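Peer 1: Mind looking over this structure? Questions follow.
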Amino acid sequence: MRRPLVAGNWKMHGTRASVAELIKGLRQLVLPAGVEVAVMPPCLFINQVVQGLDGKSIAVGAQNCAVEAAQGALTGEVAASQLADVGCSLVLVGHSERRQVLGEGDEVVSRKFAAARSCGLVPVLCVGETLAEREAGKTLEVVGRQLGSVVEALGVGAFSQAVVAYEPVWAIGTGLTAGPAQAQEVHAAIRAQLAAESAEIARGVRILYGGSVKAASAADLFGMPDIDGGLVGGASLNADEFGAICRAAGS
Ligand code: PEP
C-alpha cells in the first residue's frame with residue numbers, strides 16, 4: 001500500500017513576512033494521518049520554515065540541488081548535503097520550469113537525482129510533455145525518455161527511495177488540469193516502464209500528479225489507481241486550499 005504524498009512547491013514566491021503568515025496557516029491545519037505532507041520553499045526560507053513547522057508533521061524540501069552532492073566551489077548552487085544539513089528530506093529534480101527556462105537536460109537531471117540520493121534526500125523526479133508534444137501524440141515517448149534516462153544512468157534500484165511527479169507542462173500554472181483518465185494513462189505508463197525493470201520497485205514508487213491541482217479537482221485525480229498524491233504549485237501558497245488538497249488525498 002503506497003502512502004499518499006502531497007507536496008507544495010512554493011516556486012520563487014515569498015518574503016519573510018509572507019512566509020511567516022503561511023507557516024501560521026499551515027500550523028493550524030488538521031491534516032489526515034495517512035497522508036505525507038511536504039512543502040518546498042525557496043532555498044533562502046528553508047531554515048525559517050524548518051523552524052516554524054517544528055513539531056508539525058509537515059516535511060520540508062527544496063526545489064533544486066546542485067549536480068555535486070558535496071559542498072564546494074560551485075558559485076550560486078546549493079548542494080544536496082547542505083539541504084540535508086538544514087533539515088530537508090526531499091528535493092525536486094527536473095522541474096519543467098528548470099528544464100525549459102534554464103535548459104536543464106536529462107543528464108544534469110540524473111546527476112542531481114544521484115546527488116540527492118547520496119545525501120539521504122528523496123528525489124522527486126518531474127517529467128511531463130509540452131502542449132506541442134501532446135498534440136503531436138508524443139506524450140508517452142517524451143515522458144518515457146525523461147524517466148528512462150534516469151533509469152539508464154542510475155539503475156531502477158535508484159527508485160526504491162524516490163518519487164516521480166507527472167506534470168504536463170501545459171497544465172502548470174495555466175489553470176488547465178489533465179483529466180483524471182488522461183493523467184492515469186500516463187501514470188500507468190510510468191509504472192509499467194519501471195515494472196519492466198523491477199515489479200517490486202514499480203509497486204512501491206509513488207507517482208504524483210502536478211499541474212493546476214486545486215481542492216476542487218484533487219479528489220477525482222487522487223481517486224485514480226496510479227495517482228499517489230499531488231505536486232501542488234500555486235494552490236500551495238494558500239494554507240486552507242493546500243489543507244483541503246491534503247485531505248482529499250486522505251479520503
Ligand atoms: C508546479 O510548479 O509543480 C505546479 C504543479 O504548479 P501549479 O500547481 O501552479 O500548476
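Going through the C-alpha cells in order, the chains are called A, B, and so on, while each chain numbers its residues from 1 and the ligands are numbered from 1 in the order shown.
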Name the residues of stretch 45-234 of chain A that fall into helix (DSSP H, G or I) according to DSSP on the backbone, using the chain letters and numbers of this document, as an mmCIF file with C-alpha atoms, in the first residue's frame.

Peer 2:
```cif
data_model
loop_
_atom_site.group_PDB
_atom_site.id
_atom_site.type_symbol
_atom_site.label_atom_id
_atom_site.label_comp_id
_atom_site.auth_asym_id
_atom_site.auth_seq_id
_atom_site.Cartn_x
_atom_site.Cartn_y
_atom_site.Cartn_z
ATOM 1 C CA PHE A 45 13.440 30.466 3.545
ATOM 2 C CA ILE A 46 14.129 26.776 4.261
ATOM 3 C CA ASN A 47 15.590 27.488 7.678
ATOM 4 C CA GLN A 48 12.647 29.729 8.626
ATOM 5 C CA VAL A 49 10.184 27.030 7.513
ATOM 6 C CA VAL A 50 12.004 24.166 9.236
ATOM 7 C CA GLN A 51 11.966 26.114 12.494
ATOM 8 C CA GLY A 52 8.440 27.423 12.015
ATOM 9 C CA ALA A 80 22.168 18.219 -1.512
ATOM 10 C CA SER A 81 24.356 17.679 1.558
ATOM 11 C CA GLN A 82 23.693 21.293 2.617
ATOM 12 C CA LEU A 83 19.955 20.820 2.118
ATOM 13 C CA ALA A 84 20.060 17.714 4.295
ATOM 14 C CA ASP A 85 22.053 19.623 6.902
ATOM 15 C CA SER A 96 9.830 21.748 -16.216
ATOM 16 C CA GLU A 97 10.495 25.409 -15.389
ATOM 17 C CA ARG A 98 14.158 24.490 -14.925
ATOM 18 C CA ARG A 99 14.235 22.219 -17.966
ATOM 19 C CA GLN A 100 12.635 24.879 -20.151
ATOM 20 C CA VAL A 101 13.893 28.205 -18.824
ATOM 21 C CA ASP A 106 18.288 14.709 -18.875
ATOM 22 C CA GLU A 107 21.950 14.162 -17.987
ATOM 23 C CA VAL A 108 22.013 17.044 -15.499
ATOM 24 C CA VAL A 109 18.723 15.842 -14.018
ATOM 25 C CA SER A 110 20.177 12.345 -13.492
ATOM 26 C CA ARG A 111 23.214 13.797 -11.742
ATOM 27 C CA LYS A 112 21.004 15.840 -9.408
ATOM 28 C CA PHE A 113 18.882 12.756 -8.717
ATOM 29 C CA ALA A 114 22.029 10.818 -7.781
ATOM 30 C CA ALA A 115 23.360 13.671 -5.640
ATOM 31 C CA ALA A 116 20.087 13.846 -3.724
ATOM 32 C CA ARG A 117 20.002 10.119 -3.019
ATOM 33 C CA SER A 118 23.617 10.038 -1.910
ATOM 34 C CA LEU A 131 1.365 21.062 -25.407
ATOM 35 C CA ALA A 132 3.042 20.699 -28.812
ATOM 36 C CA GLU A 133 4.357 17.268 -27.824
ATOM 37 C CA ARG A 134 0.920 16.172 -26.607
ATOM 38 C CA GLU A 135 -0.722 17.406 -29.777
ATOM 39 C CA THR A 139 3.348 12.311 -24.579
ATOM 40 C CA LEU A 140 4.377 8.771 -23.651
ATOM 41 C CA GLU A 141 7.534 8.976 -25.736
ATOM 42 C CA VAL A 142 8.687 12.193 -24.015
ATOM 43 C CA VAL A 143 7.820 11.060 -20.506
ATOM 44 C CA GLY A 144 9.368 7.651 -21.227
ATOM 45 C CA ARG A 145 12.595 9.287 -22.361
ATOM 46 C CA GLN A 146 12.821 11.561 -19.293
ATOM 47 C CA LEU A 147 12.218 8.641 -16.927
ATOM 48 C CA GLY A 148 14.335 6.205 -18.943
ATOM 49 C CA SER A 149 17.388 8.426 -18.875
ATOM 50 C CA VAL A 150 17.482 8.275 -15.058
ATOM 51 C CA VAL A 151 16.853 4.519 -15.039
ATOM 52 C CA GLU A 152 19.616 4.035 -17.573
ATOM 53 C CA ALA A 153 22.097 6.243 -15.706
ATOM 54 C CA LEU A 154 21.410 5.019 -12.170
ATOM 55 C CA VAL A 156 15.935 1.052 -11.432
ATOM 56 C CA GLY A 157 17.128 0.467 -7.845
ATOM 57 C CA ALA A 158 17.524 4.246 -7.525
ATOM 58 C CA PHE A 159 13.727 4.472 -7.488
ATOM 59 C CA SER A 160 13.436 2.493 -4.261
ATOM 60 C CA GLN A 161 13.768 5.804 -2.388
ATOM 61 C CA VAL A 169 3.873 21.399 -18.945
ATOM 62 C CA TRP A 170 0.670 22.764 -20.471
ATOM 63 C CA ALA A 171 -1.100 22.337 -17.127
ATOM 64 C CA PRO A 180 -8.234 12.039 -14.228
ATOM 65 C CA ALA A 181 -8.300 9.467 -17.057
ATOM 66 C CA GLN A 182 -5.775 11.452 -19.096
ATOM 67 C CA ALA A 183 -3.392 11.619 -16.127
ATOM 68 C CA GLN A 184 -3.991 7.981 -15.159
ATOM 69 C CA GLU A 185 -2.926 6.833 -18.634
ATOM 70 C CA VAL A 186 0.488 8.476 -18.206
ATOM 71 C CA HIS A 187 0.889 7.348 -14.590
ATOM 72 C CA ALA A 188 0.158 3.756 -15.607
ATOM 73 C CA ALA A 189 2.739 4.011 -18.391
ATOM 74 C CA ILE A 190 5.348 5.333 -15.929
ATOM 75 C CA ARG A 191 4.660 2.441 -13.554
ATOM 76 C CA ALA A 192 4.761 -0.079 -16.405
ATOM 77 C CA GLN A 193 8.107 1.269 -17.572
ATOM 78 C CA LEU A 194 9.558 0.771 -14.086
ATOM 79 C CA ALA A 195 7.853 -2.631 -13.785
ATOM 80 C CA ALA A 199 7.921 -5.204 -10.409
ATOM 81 C CA GLU A 200 8.656 -4.612 -6.735
ATOM 82 C CA ILE A 201 10.029 -1.110 -7.226
ATOM 83 C CA ALA A 202 7.201 -0.195 -9.583
ATOM 84 C CA ARG A 203 4.618 -1.324 -6.999
ATOM 85 C CA GLY A 204 6.183 0.810 -4.279
ATOM 86 C CA ALA A 215 -9.122 21.362 -3.898
ATOM 87 C CA ALA A 216 -11.995 21.055 -6.374
ATOM 88 C CA SER A 217 -10.071 18.766 -8.759
ATOM 89 C CA ALA A 218 -7.921 16.861 -6.274
ATOM 90 C CA ALA A 219 -10.281 14.104 -5.140
ATOM 91 C CA ASP A 220 -11.060 12.864 -8.665
ATOM 92 C CA LEU A 221 -7.379 12.837 -9.592
ATOM 93 C CA PHE A 222 -6.282 11.136 -6.374
ATOM 94 C CA GLY A 234 0.064 27.953 -6.899
#
```

Peer 1: List every residue of stretch 93-149 of chain A that DSSP, applied to the backbone, labels as strand (DSSP E or B), and write the result as a ChimeraX atom specification.

Peer 2: /A:93,122-127

Peer 1: Could you save those same residues with C-alpha atoms as a CSV table (one decimal), in the first residue's frame?

Peer 2:
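Heads up, here's the output in again.csv:
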```
chain,number,residue,atom,x,y,z
A,93,VAL,CA,14.7,17.4,-9.7
A,122,VAL,CA,14.2,11.7,-1.6
A,123,PRO,CA,14.4,13.0,-5.2
A,124,VAL,CA,11.1,13.9,-6.7
A,125,LEU,CA,11.7,13.5,-10.5
A,126,CYS,CA,9.4,15.7,-12.5
A,127,VAL,CA,8.5,14.6,-16.0
```

Peer 1: Counting only C-alpha atoms and all ligand atoms, which residue out of A:Arg247, A:Glu167, A:Ala178, A:Pro4 sits closest to ligand 1?

Peer 2: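 With only C-alpha atoms and all ligand atoms as the atom set, the closest residue is A:Glu167.
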
Peer 1: For A:Met12, which of A:Pro42, A:Gly243, A:Gly179, A:Gly34 is the closest residue, counting only C-alpha atoms?

Peer 2: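 Nearest to A:Met12: A:Pro42.
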
Peer 1: Hey, which residues come within 7 Å of ligand 1 if we count only C-alpha atoms and all ligand atoms? Could you give them as an NGL selection string?

Peer 2: :A and (9 or 11 or 95 or 167 or 171-175 or 210-213 or 231-235)

Peer 1: What separation in Å, quoted to one decimal, exists between atom CA of A:Ser251 and atom CA of A:Val35?

Peer 2: 9.6 Å

Peer 1: With only C-alpha atoms as the basis for distance, which of A:Leu5, A:Val91, A:Leu121, A:Ala66 is at the shortest distance from A:Glu36?

Peer 2: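 Between A:Leu5, A:Val91, A:Leu121, A:Ala66, the residue approaching A:Glu36 most closely is A:Leu5.
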
Peer 1: Please, what distance in Å, to one decimal, runs between atom CA of A:Asn238 and atom CA of A:Ser89?

Peer 2: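 Between these atoms lies a distance of 22.1 Å.
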
Peer 1: Just to confirm, what's the straight-line distance from atom CA of A:Val37 to atom CA of A:Val6 in Å (one decimal)?

Peer 2: 5.0 Å

Peer 1: Which residues are near A:Val39? Cut-off 7 Å, only C-alpha atoms, ignore same chain within fewer than 3 positions. Put them as an MDAnalysis selection string.

Peer 2: chainID A and resid 7:9 59:61

Peer 1: Please identify all polymer residues within 7 Å of A:Tyr209, counting only C-alpha atoms, omitting same-chain residues fewer than 3 positions from it, and present them as an MDAnalysis selection string.

Peer 2: chainID A and resid 165:167 227 229:231

Peer 1: Which residue out of A:Pro168, A:Ser236, A:Ser18, A:Met224 has the minimum interatomic distance to A:Met40 when only C-alpha atoms are used?

Peer 2: A:Ser236
